[in-house]
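Below is the file data_6.cif, which contains mmCIF, C-alpha atoms.
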data_upload
loop_
_atom_site.label_atom_id
_atom_site.label_comp_id
_atom_site.auth_asym_id
_atom_site.auth_seq_id
_atom_site.Cartn_x
_atom_site.Cartn_y
_atom_site.Cartn_z
CA MET A 365 -19.14 39.47 24.92
CA THR A 366 -15.36 39.51 24.95
CA SER A 367 -15.11 36.24 23.04
CA SER A 368 -17.59 37.52 20.43
CA VAL A 369 -15.54 40.65 19.88
CA THR A 370 -12.38 38.58 19.66
CA VAL A 371 -13.88 36.37 16.95
CA GLN A 372 -15.02 39.43 14.99
CA GLN A 373 -11.57 40.98 15.27
CA ARG A 374 -9.93 37.77 14.06
CA GLN A 375 -12.28 37.59 11.10
CA LYS A 376 -11.40 41.18 10.17
CA GLU A 377 -7.70 40.39 10.43
CA ARG A 378 -7.97 37.53 7.96
CA PRO A 379 -6.89 38.43 4.44
CA ALA A 380 -9.77 39.02 2.08
CA SER A 381 -10.47 36.41 -0.57
CA PRO A 382 -8.67 37.31 -3.79
CA LEU A 383 -10.89 38.79 -6.47
CA PRO A 384 -10.80 37.61 -10.07
CA ARG A 385 -8.09 39.44 -11.98
CA ILE A 386 -9.28 38.25 -15.37
CA ALA A 387 -12.92 37.41 -16.05
CA PRO A 388 -12.67 33.66 -16.83
CA LYS A 389 -15.32 33.60 -19.52
CA GLY A 390 -15.36 32.20 -23.01
CA ARG A 391 -13.08 29.74 -24.75
CA LEU A 392 -9.32 30.11 -24.58
CA ALA A 393 -8.28 29.63 -28.20
CA ALA A 394 -4.60 29.26 -27.31
CA LEU A 395 -5.40 26.12 -25.34
CA ASP A 396 -7.14 24.68 -28.41
CA GLY A 397 -3.97 25.22 -30.39
CA LEU A 398 -1.87 23.60 -27.68
CA ARG A 399 -4.24 20.62 -27.63
CA LEU A 400 -3.75 20.09 -31.34
CA LEU A 401 0.02 20.41 -30.93
CA ALA A 402 -0.03 17.75 -28.19
CA ALA A 403 -2.12 15.39 -30.32
CA LEU A 404 0.10 15.81 -33.38
CA MET A 405 3.20 15.16 -31.26
CA VAL A 406 1.75 11.83 -30.14
CA VAL A 407 0.62 10.97 -33.69
CA LEU A 408 4.07 11.60 -35.18
CA TYR A 409 5.70 9.67 -32.35
CA HIS A 410 3.60 6.62 -33.23
CA TYR A 411 3.91 7.01 -37.01
CA ILE A 412 7.59 7.89 -37.27
CA ALA A 413 9.56 6.98 -34.15
CA PHE A 414 7.73 4.05 -32.59
CA ASN A 415 9.23 0.69 -33.58
CA SER A 416 5.94 -1.08 -33.94
CA ALA A 417 4.93 -3.82 -36.35
CA ALA A 418 3.71 -1.13 -38.74
CA TRP A 419 7.02 -0.57 -40.51
CA SER A 420 9.35 -3.29 -41.71
CA LYS A 421 12.49 -1.22 -41.00
CA PRO A 422 13.58 0.64 -37.84
CA ALA A 423 12.97 4.37 -37.43
CA THR A 424 16.63 5.28 -37.93
CA GLU A 425 16.44 3.85 -41.45
CA ARG A 426 12.93 4.92 -42.32
CA PHE A 427 13.29 8.56 -41.26
CA PRO A 428 16.99 9.28 -40.64
CA VAL A 429 16.31 12.93 -39.68
CA ALA A 430 12.67 13.12 -38.58
CA TYR A 431 12.96 10.21 -36.14
CA VAL A 432 14.95 12.36 -33.66
CA PRO A 433 12.30 15.05 -32.91
CA ALA A 434 9.49 12.51 -33.35
CA SER A 435 11.05 10.36 -30.62
CA TYR A 436 10.05 13.00 -28.06
CA GLY A 437 6.44 13.14 -29.25
CA TRP A 438 5.30 11.03 -26.28
CA LEU A 439 5.66 14.21 -24.19
CA GLY A 440 2.47 15.42 -25.84
CA VAL A 441 0.70 13.36 -23.16
CA GLN A 442 2.28 15.49 -20.41
CA LEU A 443 1.09 18.60 -22.25
CA PHE A 444 -2.41 17.09 -22.37
CA PHE A 445 -2.33 16.57 -18.60
CA LEU A 446 -1.20 20.16 -18.01
CA ILE A 447 -4.04 21.48 -20.15
CA SER A 448 -6.49 19.10 -18.47
CA GLY A 449 -5.66 20.42 -15.00
CA PHE A 450 -6.29 23.97 -16.21
CA VAL A 451 -9.45 23.26 -18.21
CA ILE A 452 -11.14 20.94 -15.71
CA CYS A 453 -10.67 23.48 -12.94
CA MET A 454 -12.05 26.22 -15.18
CA SER A 455 -15.04 24.27 -16.49
CA ALA A 456 -16.05 22.92 -13.06
CA TRP A 457 -15.92 26.26 -11.23
CA GLY A 458 -19.34 27.19 -9.88
CA ARG A 459 -20.96 23.94 -11.03
CA SER A 460 -22.56 21.16 -9.04
CA ILE A 461 -21.15 17.66 -8.80
CA GLY A 462 -23.95 16.45 -11.08
CA ASP A 463 -23.16 19.05 -13.72
CA PHE A 464 -19.46 18.18 -13.51
CA ALA A 465 -20.17 14.46 -13.95
CA THR A 466 -22.46 15.15 -16.89
CA SER A 467 -19.88 17.32 -18.63
CA ARG A 468 -17.18 14.68 -18.25
CA VAL A 469 -19.29 11.74 -19.38
CA THR A 470 -20.63 13.58 -22.44
CA ARG A 471 -17.14 14.74 -23.29
CA LEU A 472 -15.33 11.41 -22.98
CA TYR A 473 -17.67 8.63 -24.01
CA PRO A 474 -19.39 9.35 -27.38
CA ALA A 475 -16.19 9.64 -29.44
CA TYR A 476 -14.53 6.90 -27.40
CA TRP A 477 -17.30 4.36 -28.03
CA PHE A 478 -17.05 4.96 -31.77
CA ALA A 479 -13.23 4.79 -31.74
CA VAL A 480 -13.18 1.47 -29.87
CA LEU A 481 -15.61 -0.09 -32.36
CA ALA A 482 -13.83 1.44 -35.37
CA ALA A 483 -10.38 0.23 -34.27
CA THR A 484 -11.76 -3.24 -33.53
CA LEU A 485 -13.46 -3.43 -36.92
CA VAL A 486 -10.37 -2.28 -38.85
CA VAL A 487 -7.91 -4.64 -37.15
CA SER A 488 -10.37 -7.53 -37.43
CA ILE A 489 -10.82 -7.02 -41.18
CA TRP A 490 -7.11 -6.35 -41.79
CA PRO A 491 -5.21 -8.28 -39.08
CA VAL A 492 -1.83 -7.30 -40.54
CA ASN A 493 -0.51 -6.38 -37.07
CA GLY A 494 -1.97 -9.33 -35.22
CA PRO A 495 -5.49 -10.37 -34.28
CA GLY A 496 -8.05 -7.91 -32.98
CA PRO A 497 -9.44 -7.97 -29.43
CA SER A 498 -12.08 -10.51 -28.40
CA LEU A 499 -15.72 -9.44 -28.12
CA SER A 500 -15.46 -9.75 -24.33
CA ASP A 501 -12.45 -7.42 -24.24
CA VAL A 502 -14.21 -4.95 -26.55
CA ALA A 503 -17.24 -4.90 -24.24
CA VAL A 504 -15.04 -4.15 -21.22
CA ASN A 505 -13.15 -1.49 -23.20
CA LEU A 506 -16.42 0.33 -23.83
CA THR A 507 -16.70 1.01 -20.10
CA MET A 508 -13.30 2.77 -20.15
CA PHE A 509 -12.41 0.78 -17.01
CA HIS A 510 -10.47 -1.92 -18.83
CA GLU A 511 -7.13 -1.00 -17.30
CA PRO A 512 -8.04 -1.54 -13.62
CA MET A 513 -9.81 -4.73 -14.73
CA LYS A 514 -6.57 -5.96 -16.36
CA VAL A 515 -8.14 -6.19 -19.82
CA ALA A 516 -6.00 -5.38 -22.86
CA PRO A 517 -6.91 -2.02 -24.43
CA ALA A 518 -8.50 -1.96 -27.87
CA ASP A 519 -5.86 0.68 -28.69
CA GLY A 520 -2.64 1.40 -26.83
CA VAL A 521 -3.24 5.12 -26.31
CA TYR A 522 -6.29 4.49 -24.14
CA TRP A 523 -4.14 4.15 -21.01
CA THR A 524 -4.18 7.93 -20.65
CA LEU A 525 -7.98 7.94 -20.34
CA TRP A 526 -7.74 5.97 -17.11
CA ALA A 527 -5.34 8.62 -15.78
CA GLU A 528 -7.86 11.32 -16.74
CA ILE A 529 -10.73 9.47 -15.07
CA ARG A 530 -8.79 9.13 -11.82
CA PHE A 531 -8.09 12.85 -11.86
CA TYR A 532 -11.78 13.56 -12.44
CA LEU A 533 -12.77 11.28 -9.56
CA LEU A 534 -10.36 12.98 -7.15
CA PHE A 535 -11.54 16.39 -8.33
CA ALA A 536 -15.19 15.32 -7.96
CA LEU A 537 -14.50 14.44 -4.32
CA LEU A 538 -13.22 17.97 -3.77
CA ILE A 539 -16.34 19.47 -5.40
CA ALA A 540 -18.68 17.28 -3.36
CA TRP A 541 -16.85 17.74 -0.07
CA ARG A 542 -15.77 21.37 0.03
CA GLY A 543 -16.66 23.02 -3.27
CA LEU A 544 -14.26 24.96 -5.47
CA THR A 545 -12.67 28.04 -3.95
CA TYR A 546 -9.18 29.47 -4.11
CA ARG A 547 -8.39 27.97 -0.71
CA THR A 548 -9.80 24.49 -1.36
CA VAL A 549 -8.06 24.10 -4.73
CA VAL A 550 -4.71 25.23 -3.29
CA GLY A 551 -5.18 22.77 -0.43
CA PHE A 552 -6.09 20.02 -2.89
CA CYS A 553 -2.94 20.70 -4.94
CA VAL A 554 -0.66 20.66 -1.89
CA ILE A 555 -2.22 17.59 -0.26
CA TRP A 556 -2.23 15.62 -3.52
CA ALA A 557 1.41 16.49 -4.19
CA MET A 558 2.49 15.49 -0.68
CA ALA A 559 0.49 12.25 -0.75
CA ALA A 560 1.85 11.34 -4.19
CA SER A 561 5.40 11.95 -2.98
CA VAL A 562 4.85 9.53 -0.10
CA ALA A 563 3.20 7.01 -2.42
CA ALA A 564 6.18 7.14 -4.77
CA GLY A 565 8.48 6.14 -1.93
CA LEU A 566 6.24 3.36 -0.61
CA ASP A 567 5.70 1.75 -4.03
CA VAL A 568 2.29 0.32 -3.11
CA ASP A 569 0.19 -0.51 -6.15
CA ALA A 570 -3.10 0.63 -4.59
CA LEU A 571 -1.66 4.03 -3.63
CA ASP A 572 -0.04 4.44 -7.03
CA ALA A 573 -3.36 3.68 -8.72
CA VAL A 574 -5.18 6.39 -6.74
CA LEU A 575 -2.50 9.08 -6.40
CA MET A 576 -0.66 8.68 -9.73
CA PRO A 577 2.82 9.71 -8.53
CA ASN A 578 4.20 9.57 -12.08
CA ASP A 579 1.64 11.88 -13.71
CA CYS A 580 -0.17 13.90 -11.03
CA TRP A 581 2.35 16.77 -11.20
CA PHE A 582 1.07 18.00 -14.53
CA PHE A 583 -2.57 18.00 -13.43
CA ILE A 584 -1.57 19.89 -10.28
CA ALA A 585 0.44 22.43 -12.26
CA GLY A 586 -2.52 22.99 -14.58
CA MET A 587 -4.78 23.73 -11.61
CA ALA A 588 -2.25 26.15 -10.13
CA PHE A 589 -1.99 27.93 -13.48
CA TYR A 590 -5.78 28.25 -13.59
CA LEU A 591 -5.75 29.89 -10.16
CA MET A 592 -3.21 32.37 -11.56
CA TYR A 593 -5.54 33.01 -14.48
CA ARG A 594 -8.53 33.56 -12.23
CA TYR A 595 -6.95 35.37 -9.28
CA GLY A 596 -3.52 36.49 -10.40
CA PRO A 597 -0.09 35.02 -9.63
CA ASN A 598 1.54 34.94 -6.23
CA LEU A 599 4.53 33.28 -4.58
CA LEU A 600 2.52 30.29 -3.34
CA LEU A 601 1.17 29.43 -6.78
CA TRP A 602 4.57 29.86 -8.41
CA GLY A 603 5.99 27.61 -5.71
CA ILE A 604 3.46 24.89 -6.53
CA VAL A 605 4.26 25.19 -10.23
CA ALA A 606 8.02 25.02 -9.60
CA ALA A 607 7.66 21.98 -7.34
CA THR A 608 5.56 20.13 -9.92
CA PHE A 609 8.09 20.88 -12.63
CA VAL A 610 10.95 19.48 -10.57
CA ALA A 611 8.97 16.37 -9.62
CA GLY A 612 7.43 15.96 -13.07
CA GLN A 613 10.71 15.97 -14.95
CA HIS A 614 12.13 13.50 -12.43
CA PHE A 615 9.38 10.96 -13.05
CA ALA A 616 9.46 11.68 -16.80
CA PHE A 617 13.02 10.36 -16.79
CA SER A 618 11.65 6.89 -15.95
CA THR A 619 9.23 7.08 -18.86
CA HIS A 620 12.09 8.28 -21.05
CA HIS A 621 14.02 5.12 -20.17
CA ASN A 622 11.12 2.95 -21.34
CA VAL A 623 10.61 5.03 -24.48
CA GLN A 624 14.16 4.19 -25.57
CA LYS A 625 13.08 0.55 -25.72
CA TYR A 626 10.13 1.41 -27.93
CA VAL A 627 12.11 3.58 -30.35
CA GLY A 628 15.14 1.30 -30.35
CA HIS A 629 17.87 3.89 -29.80
CA LYS A 630 19.37 6.15 -27.15
CA LEU A 631 17.87 9.59 -26.57
CA PRO A 632 19.54 12.48 -24.70
CA LEU A 633 17.66 13.84 -21.70
CA TRP A 634 18.10 17.57 -22.28
CA PRO A 635 15.38 17.85 -24.99
CA LEU A 636 12.93 16.29 -22.53
CA VAL A 637 13.63 18.96 -19.90
CA MET A 638 13.57 21.70 -22.54
CA LEU A 639 10.19 20.59 -23.92
CA LEU A 640 8.63 20.33 -20.47
CA ALA A 641 9.90 23.84 -19.71
CA LEU A 642 8.37 25.11 -22.96
CA PHE A 643 5.04 23.48 -22.07
CA TYR A 644 5.04 25.17 -18.67
CA LEU A 645 5.94 28.51 -20.24
CA ALA A 646 3.11 28.14 -22.77
CA ILE A 647 0.50 27.45 -20.08
CA ALA A 648 1.97 30.26 -17.96
CA ALA A 649 1.47 32.62 -20.90
CA VAL A 650 -2.20 31.59 -21.05
CA ALA A 651 -2.57 31.98 -17.27
CA LEU A 652 -1.05 35.46 -17.29
CA GLY A 653 -3.24 36.66 -20.17
CA LYS A 654 -0.39 36.90 -22.66
CA THR A 655 -2.29 34.90 -25.28
CA SER A 656 -5.58 36.81 -25.15
CA ARG A 657 -5.04 38.17 -28.66
CA ILE A 658 -4.77 34.69 -30.11
CA ASN A 659 -8.34 34.21 -31.31
CA TRP A 660 -7.98 32.73 -34.79
CA ARG A 661 -11.29 31.31 -35.93
CA TRP A 662 -9.88 27.88 -36.84
CA LEU A 663 -8.49 27.16 -33.36
CA PRO A 664 -11.78 26.02 -31.73
CA THR A 665 -12.20 23.55 -34.61
CA ALA A 666 -8.63 22.38 -34.07
CA GLY A 667 -9.37 21.86 -30.41
CA ALA A 668 -12.52 19.88 -31.22
CA LEU A 669 -10.54 17.55 -33.52
CA THR A 670 -7.91 16.77 -30.90
CA TYR A 671 -9.72 14.12 -28.87
CA PRO A 672 -11.07 12.13 -31.88
CA LEU A 673 -7.63 12.32 -33.52
CA TYR A 674 -5.97 10.97 -30.40
CA LEU A 675 -8.48 8.12 -30.14
CA LEU A 676 -8.39 7.05 -33.79
CA HIS A 677 -4.82 7.42 -34.94
CA GLU A 678 -2.71 4.62 -33.49
CA ARG A 679 -3.91 1.15 -34.35
CA ILE A 680 -5.90 2.15 -37.43
CA GLY A 681 -2.91 4.18 -38.63
CA TRP A 682 -0.51 1.31 -38.12
CA THR A 683 -2.80 -0.94 -40.14
CA VAL A 684 -2.80 1.53 -43.04
CA ILE A 685 1.00 1.87 -42.88
CA LYS A 686 1.51 -1.89 -42.90
CA GLU A 687 -0.86 -2.27 -45.82
CA PHE A 688 0.70 0.43 -48.03
CA GLU A 689 4.32 0.90 -46.95
CA ASN A 690 5.63 -1.00 -49.99
CA ASP A 691 3.36 0.81 -52.45
CA ILE A 692 3.59 4.44 -51.37
CA SER A 693 6.64 6.51 -50.43
CA ARG A 694 6.87 6.92 -46.67
CA TYR A 695 7.28 10.69 -47.15
CA VAL A 696 3.90 10.72 -48.88
CA LEU A 697 2.21 8.04 -46.79
CA VAL A 698 2.73 9.67 -43.38
CA PRO A 699 1.46 13.19 -44.32
CA ALA A 700 -1.46 11.67 -46.25
CA LEU A 701 -2.31 9.45 -43.28
CA VAL A 702 -2.23 12.39 -40.86
CA ALA A 703 -4.51 14.37 -43.20
CA LEU A 704 -6.85 11.37 -43.48
CA MET A 705 -6.99 11.06 -39.69
CA LEU A 706 -7.79 14.75 -39.33
CA VAL A 707 -10.67 14.41 -41.80
CA ALA A 708 -11.92 11.29 -40.00
CA SER A 709 -11.67 13.15 -36.70
CA TRP A 710 -13.80 16.01 -38.02
CA LEU A 711 -16.42 13.57 -39.31
CA LEU A 712 -16.45 11.77 -35.98
CA HIS A 713 -16.82 15.04 -34.10
CA ARG A 714 -19.51 16.43 -36.38
CA TYR A 715 -21.70 13.40 -36.98
CA VAL A 716 -21.13 11.20 -33.92
CA GLU A 717 -19.65 13.03 -30.97
CA ARG A 718 -21.85 16.14 -30.99
CA PRO A 719 -25.27 14.50 -31.59
CA VAL A 720 -24.62 11.59 -29.20
CA ALA A 721 -23.32 13.99 -26.54
CA ARG A 722 -26.55 16.02 -26.81
CA LEU A 723 -28.69 12.91 -26.33
CA LEU A 724 -26.52 11.71 -23.46
CA LYS A 725 -26.67 15.10 -21.79
CA ARG A 726 -30.47 15.18 -21.92
CA GLY A 727 -30.68 11.67 -20.52
CA MET A 728 -28.28 12.41 -17.69
CA ALA A 729 -30.08 15.66 -16.86
CA LYS A 730 -33.34 13.73 -16.47
CA ALA A 731 -31.63 11.08 -14.35
CA LEU A 732 -30.14 13.75 -12.07
CA ALA A 733 -33.53 15.44 -11.76
CA ASP A 734 -35.02 12.10 -10.70
CA MET A 735 -32.30 11.70 -8.08
CA ARG A 736 -32.93 15.17 -6.66
CA ALA A 737 -36.70 14.65 -6.52
CA PRO A 738 -37.31 10.91 -6.15
CA ARG A 739 -40.76 9.70 -7.10
CA GLU A 740 -42.97 7.51 -5.01
CA ARG A 741 -42.75 3.97 -6.27
CA ALA A 742 -45.15 1.15 -5.63
#
Spell out the structure here as structure tokens.
Amino acid sequence: MTSSVTVQQRQKERPASPLPRIAPKGRLAALDGLRLLAALMVVLYHYIAFNSAAWSKPATERFPVAYVPASYGWLGVQLFFLISGFVICMSAWGRSIGDFATSRVTRLYPAYWFAVLAATLVVSIWPVNGPGPSLSDVAVNLTMFHEPMKVAPADGVYWTLWAEIRFYLLFALLIAWRGLTYRTVVGFCVIWAMAASVAAGLDVDALDAVLMPNDCWFFIAGMAFYLMYRYGPNLLLWGIVAATFVAGQHFAFSTHHNVQKYVGHKLPLWPLVMLLALFYLAIAAVALGKTSRINWRWLPTAGALTYPLYLLHERIGWTVIKEFENDISRYVLVPALVALMLVASWLLHRYVERPVARLLKRGMAKALADMRAPRERA
């Protein structure tokens, strides 16, 4: 009797679960705008600053002013990861592991399959930047697991998709094991951060592949920001965000060092820190409800174009640049190419991504139903 009373008293003494401060319903248009910003940063980095085979002259000669801000466009990837941590946590809340897997597969693969085939076709017909991938490599690329299989990507930007998939797999383990609650997501953030810190010091390839010590900080920060959005801010969540910023900028310095090789010139570090801080402030504004009035009708369309634009732009764009750089002014060619890629992205989204995703979703729903209620087989 005494022990029963003691347990009841302890349960009453525990703090109550935080209640939602903001009803997390509907699409957050500000995030769509930030997605487009991130994609355009990466596009301009590859078209203006990146010393690829596309242009015959270095960036400092091609774009003597624009090359400086464009050289930091690679940080759009870190903004993508921040947004991904927020959005994945939001979209998976209250859903089963099967629903989560279906949403991720239907989101990632339809546009990706088309982009792989389109990039392969373009560079095979116009091999101005070297030969296209072999049919075997293309087939492996279609699985999206080419990187762990040590197969060259059909397009260089696809490395980030493997980072996203690893995040999804870790997050799926959390959903399957404990489910999504305030407590489990906070624990996931803290444990992942601590494990990644240890992995960074050990420098073991297998641990790095799973824990992503270079990039995990932005996913973790995005999840912490979502908890602020759903439950309100507190010292613990701000502490997680601050820790990820400190760690994230530290590891971004290593990427910055490599970027200087790609762009062919020295870059100061302070714009990197400033841009990361602005990204964090932007997501914090979303989390705290400061962007709720941003509901322009074009933003959801902008958000829908982001993924196809990211997938299509690099190798196809470089082929177009190489083909026309001597015939069209670079100050006309780059804006026209960006506009062309945006149109192609809309067409891909409208006529490939959406209809294929619907078919894939129906097929996966049937497969999941079969798994939940297996039939007798002879």
Q. Which one is closest to Leu640 of chain A: A:Ala585, A:Leu600, A:Met513, A:Met508? Count all atoms listed in the file.
A.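 Using all atoms listed in the file, Leu640 of chain A sits closest to A:Ala585.
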Q: Please identify all polymer residues within 9 Å of Arg468 of chain A, counting only C-alpha atoms, omitting same-chain residues fewer than 4 positions from it, and present them as a VMD selection string.
A: chain A and resid 463 to 464 472 to 473 529 532
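Shortest atom-to-atom contact with Asp396 of chain A among A:Leu706, A:Phe444, A:Val469, A:Ala516: A:Phe444, counting all atoms listed in the file.
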**Q.** All residues 9 Å or closer to segment 563-575 of chain A, all atoms listed in the file, same chain fewer than 3 positions away omitted, as a ChimeraX atom specification
**A.** /A:512,527,530-531,534,556-560,578-580
Q: Fewer than 4 positions away in the same chain doesn't count, so skip those; otherwise give me all residues within 12 Å of Val698 of chain A, counting only C-alpha atoms, as a VMD selection string.
A: chain A and resid 407 to 413 418 to 419 426 to 427 430 677 681 to 682 684 to 686 688 to 689 692 to 694 702 to 705
Q: Might you spell out which residues the PyMOL selection byres ((chain A and resi 658) around 12) would select in the displayed file, as an NGL selection string?
A: :A and (391-398 or 649-650 or 653-657 or 659-664)
Output the selection as a PDB file, in the frame of the given file - C-alpha atoms for each residue.
ATOM      1  CA  ARG A 391     -13.080  29.740 -24.750  1.00  0.00           C
ATOM      2  CA  LEU A 392      -9.320  30.110 -24.580  1.00  0.00           C
ATOM      3  CA  ALA A 393      -8.280  29.630 -28.200  1.00  0.00           C
ATOM      4  CA  ALA A 394      -4.600  29.260 -27.310  1.00  0.00           C
ATOM      5  CA  LEU A 395      -5.400  26.120 -25.340  1.00  0.00           C
ATOM      6  CA  ASP A 396      -7.140  24.680 -28.410  1.00  0.00           C
ATOM      7  CA  GLY A 397      -3.970  25.220 -30.390  1.00  0.00           C
ATOM      8  CA  LEU A 398      -1.870  23.600 -27.680  1.00  0.00           C
ATOM      9  CA  ALA A 649       1.470  32.620 -20.900  1.00  0.00           C
ATOM     10  CA  VAL A 650      -2.200  31.590 -21.050  1.00  0.00           C
ATOM     11  CA  GLY A 653      -3.240  36.660 -20.170  1.00  0.00           C
ATOM     12  CA  LYS A 654      -0.390  36.900 -22.660  1.00  0.00           C
ATOM     13  CA  THR A 655      -2.290  34.900 -25.280  1.00  0.00           C
ATOM     14  CA  SER A 656      -5.580  36.810 -25.150  1.00  0.00           C
ATOM     15  CA  ARG A 657      -5.040  38.170 -28.660  1.00  0.00           C
ATOM     16  CA  ASN A 659      -8.340  34.210 -31.310  1.00  0.00           C
ATOM     17  CA  TRP A 660      -7.980  32.730 -34.790  1.00  0.00           C
ATOM     18  CA  ARG A 661     -11.290  31.310 -35.930  1.00  0.00           C
ATOM     19  CA  TRP A 662      -9.880  27.880 -36.840  1.00  0.00           C
ATOM     20  CA  LEU A 663      -8.490  27.160 -33.360  1.00  0.00           C
ATOM     21  CA  PRO A 664     -11.780  26.020 -31.730  1.00  0.00           C
TER      22      PRO A 664
END
What are the nearest atom pairs, with distances in Å to one decimal, for all residues of segment 465-496 of chain A that come at most 7 Å from segment 720-737 of chain A, using all atoms listed in the file, set out by chain and rising residue number as JSON lines?
{"residue": "A:Thr466", "atom": "CA", "partner": "A:Lys725", "partner_atom": "CA", "distance": 6.5}
{"residue": "A:Thr470", "atom": "CA", "partner": "A:Ala721", "partner_atom": "CA", "distance": 4.9}
{"residue": "A:Pro474", "atom": "CA", "partner": "A:Val720", "partner_atom": "CA", "distance": 6.0}
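Residues lying within 10 Å of Phe535 of chain A, counting only C-alpha atoms and ignoring same-chain neighbours fewer than 4 positions away, are Gly449, Ile452, Cys453, Ala456, Ile461, Phe464, Ile529, Arg530, Phe531, Ile539, Ala540, Trp541, Gly543, Leu544, Val549 and Phe552 of chain A.
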Q. Using all atoms listed in the file, which of the listed residues (A:Ala483, A:Leu652, A:Met592, A:Val554) sits closest to Gly496 of chain A?
A. A:Ala483
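Between atom CA of Ala646 of chain A and atom CA of Thr670 of chain A the interatomic distance comes to 17.8 Å.
If you measure from each of A:Ser467, A:Pro428, A:Ala434, A:Ser455 to Phe414 of chain A using only C-alpha atoms, the closest one turns out to be A:Ala434.
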Q. Quick one: which residues end up in the PyMOL selection byres ((chain A and resi 629) around 12) for this structure, as an MDAnalysis selection string?
A. chainID A and resid 413:415 422:425 431:432 435 620:628 630:632
Requested write-out: C-alpha atoms of the selected residues, as a short mmCIF file (atom, residue, chain, number, x, y, z; two decimals), keeping the file's coordinate frame:
data_model
loop_
_atom_site.label_atom_id
_atom_site.label_comp_id
_atom_site.auth_asym_id
_atom_site.auth_seq_id
_atom_site.Cartn_x
_atom_site.Cartn_y
_atom_site.Cartn_z
CA ALA A 413 9.56 6.98 -34.15
CA PHE A 414 7.73 4.05 -32.59
CA ASN A 415 9.23 0.69 -33.58
CA PRO A 422 13.58 0.64 -37.84
CA ALA A 423 12.97 4.37 -37.43
CA THR A 424 16.63 5.28 -37.93
CA GLU A 425 16.44 3.85 -41.45
CA TYR A 431 12.96 10.21 -36.14
CA VAL A 432 14.95 12.36 -33.66
CA SER A 435 11.05 10.36 -30.62
CA HIS A 620 12.09 8.28 -21.05
CA HIS A 621 14.02 5.12 -20.17
CA ASN A 622 11.12 2.95 -21.34
CA VAL A 623 10.61 5.03 -24.48
CA GLN A 624 14.16 4.19 -25.57
CA LYS A 625 13.08 0.55 -25.72
CA TYR A 626 10.13 1.41 -27.93
CA VAL A 627 12.11 3.58 -30.35
CA GLY A 628 15.14 1.30 -30.35
CA LYS A 630 19.37 6.15 -27.15
CA LEU A 631 17.87 9.59 -26.57
CA PRO A 632 19.54 12.48 -24.70
#
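Among the candidates A:Val696, A:Val502, A:Ile584, A:Leu537, the residue lying nearest to Tyr644 of chain A is A:Ile584 (atoms considered: only C-alpha atoms).
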Q: Calculate how many Å separate atom CA of Thr545 of chain A from atom CA of Phe583 of chain A, rounding to one decimal.
A: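 Going from atom CA of Thr545 of chain A over to atom CA of Phe583 of chain A, I get 17.1 Å.
Between atom CA of Val605 of chain A and atom CA of Ala588 of chain A the separation is 6.6 Å.
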Q: Run the PyMOL selection byres ((chain A and resi 590) around 8) mentally over the shown coordinates, then write out the matched residues as a ChimeraX atom specification, using the chain letters and numbers from the document.
A: /A:449-451,453-454,586-589,591-594,651
Q. Which is closest to Glu687 of chain A among A:Leu639, A:Val716, A:Met576, A:Val486, if we use only C-alpha atoms?
A. A:Val486
**Q.** Selection near Trp581 of chain A, 7 Å with all atoms listed in the file, sequence-local residues under 4 positions removed, as an MDAnalysis selection string
**A.** chainID A and resid 585 608 611:612
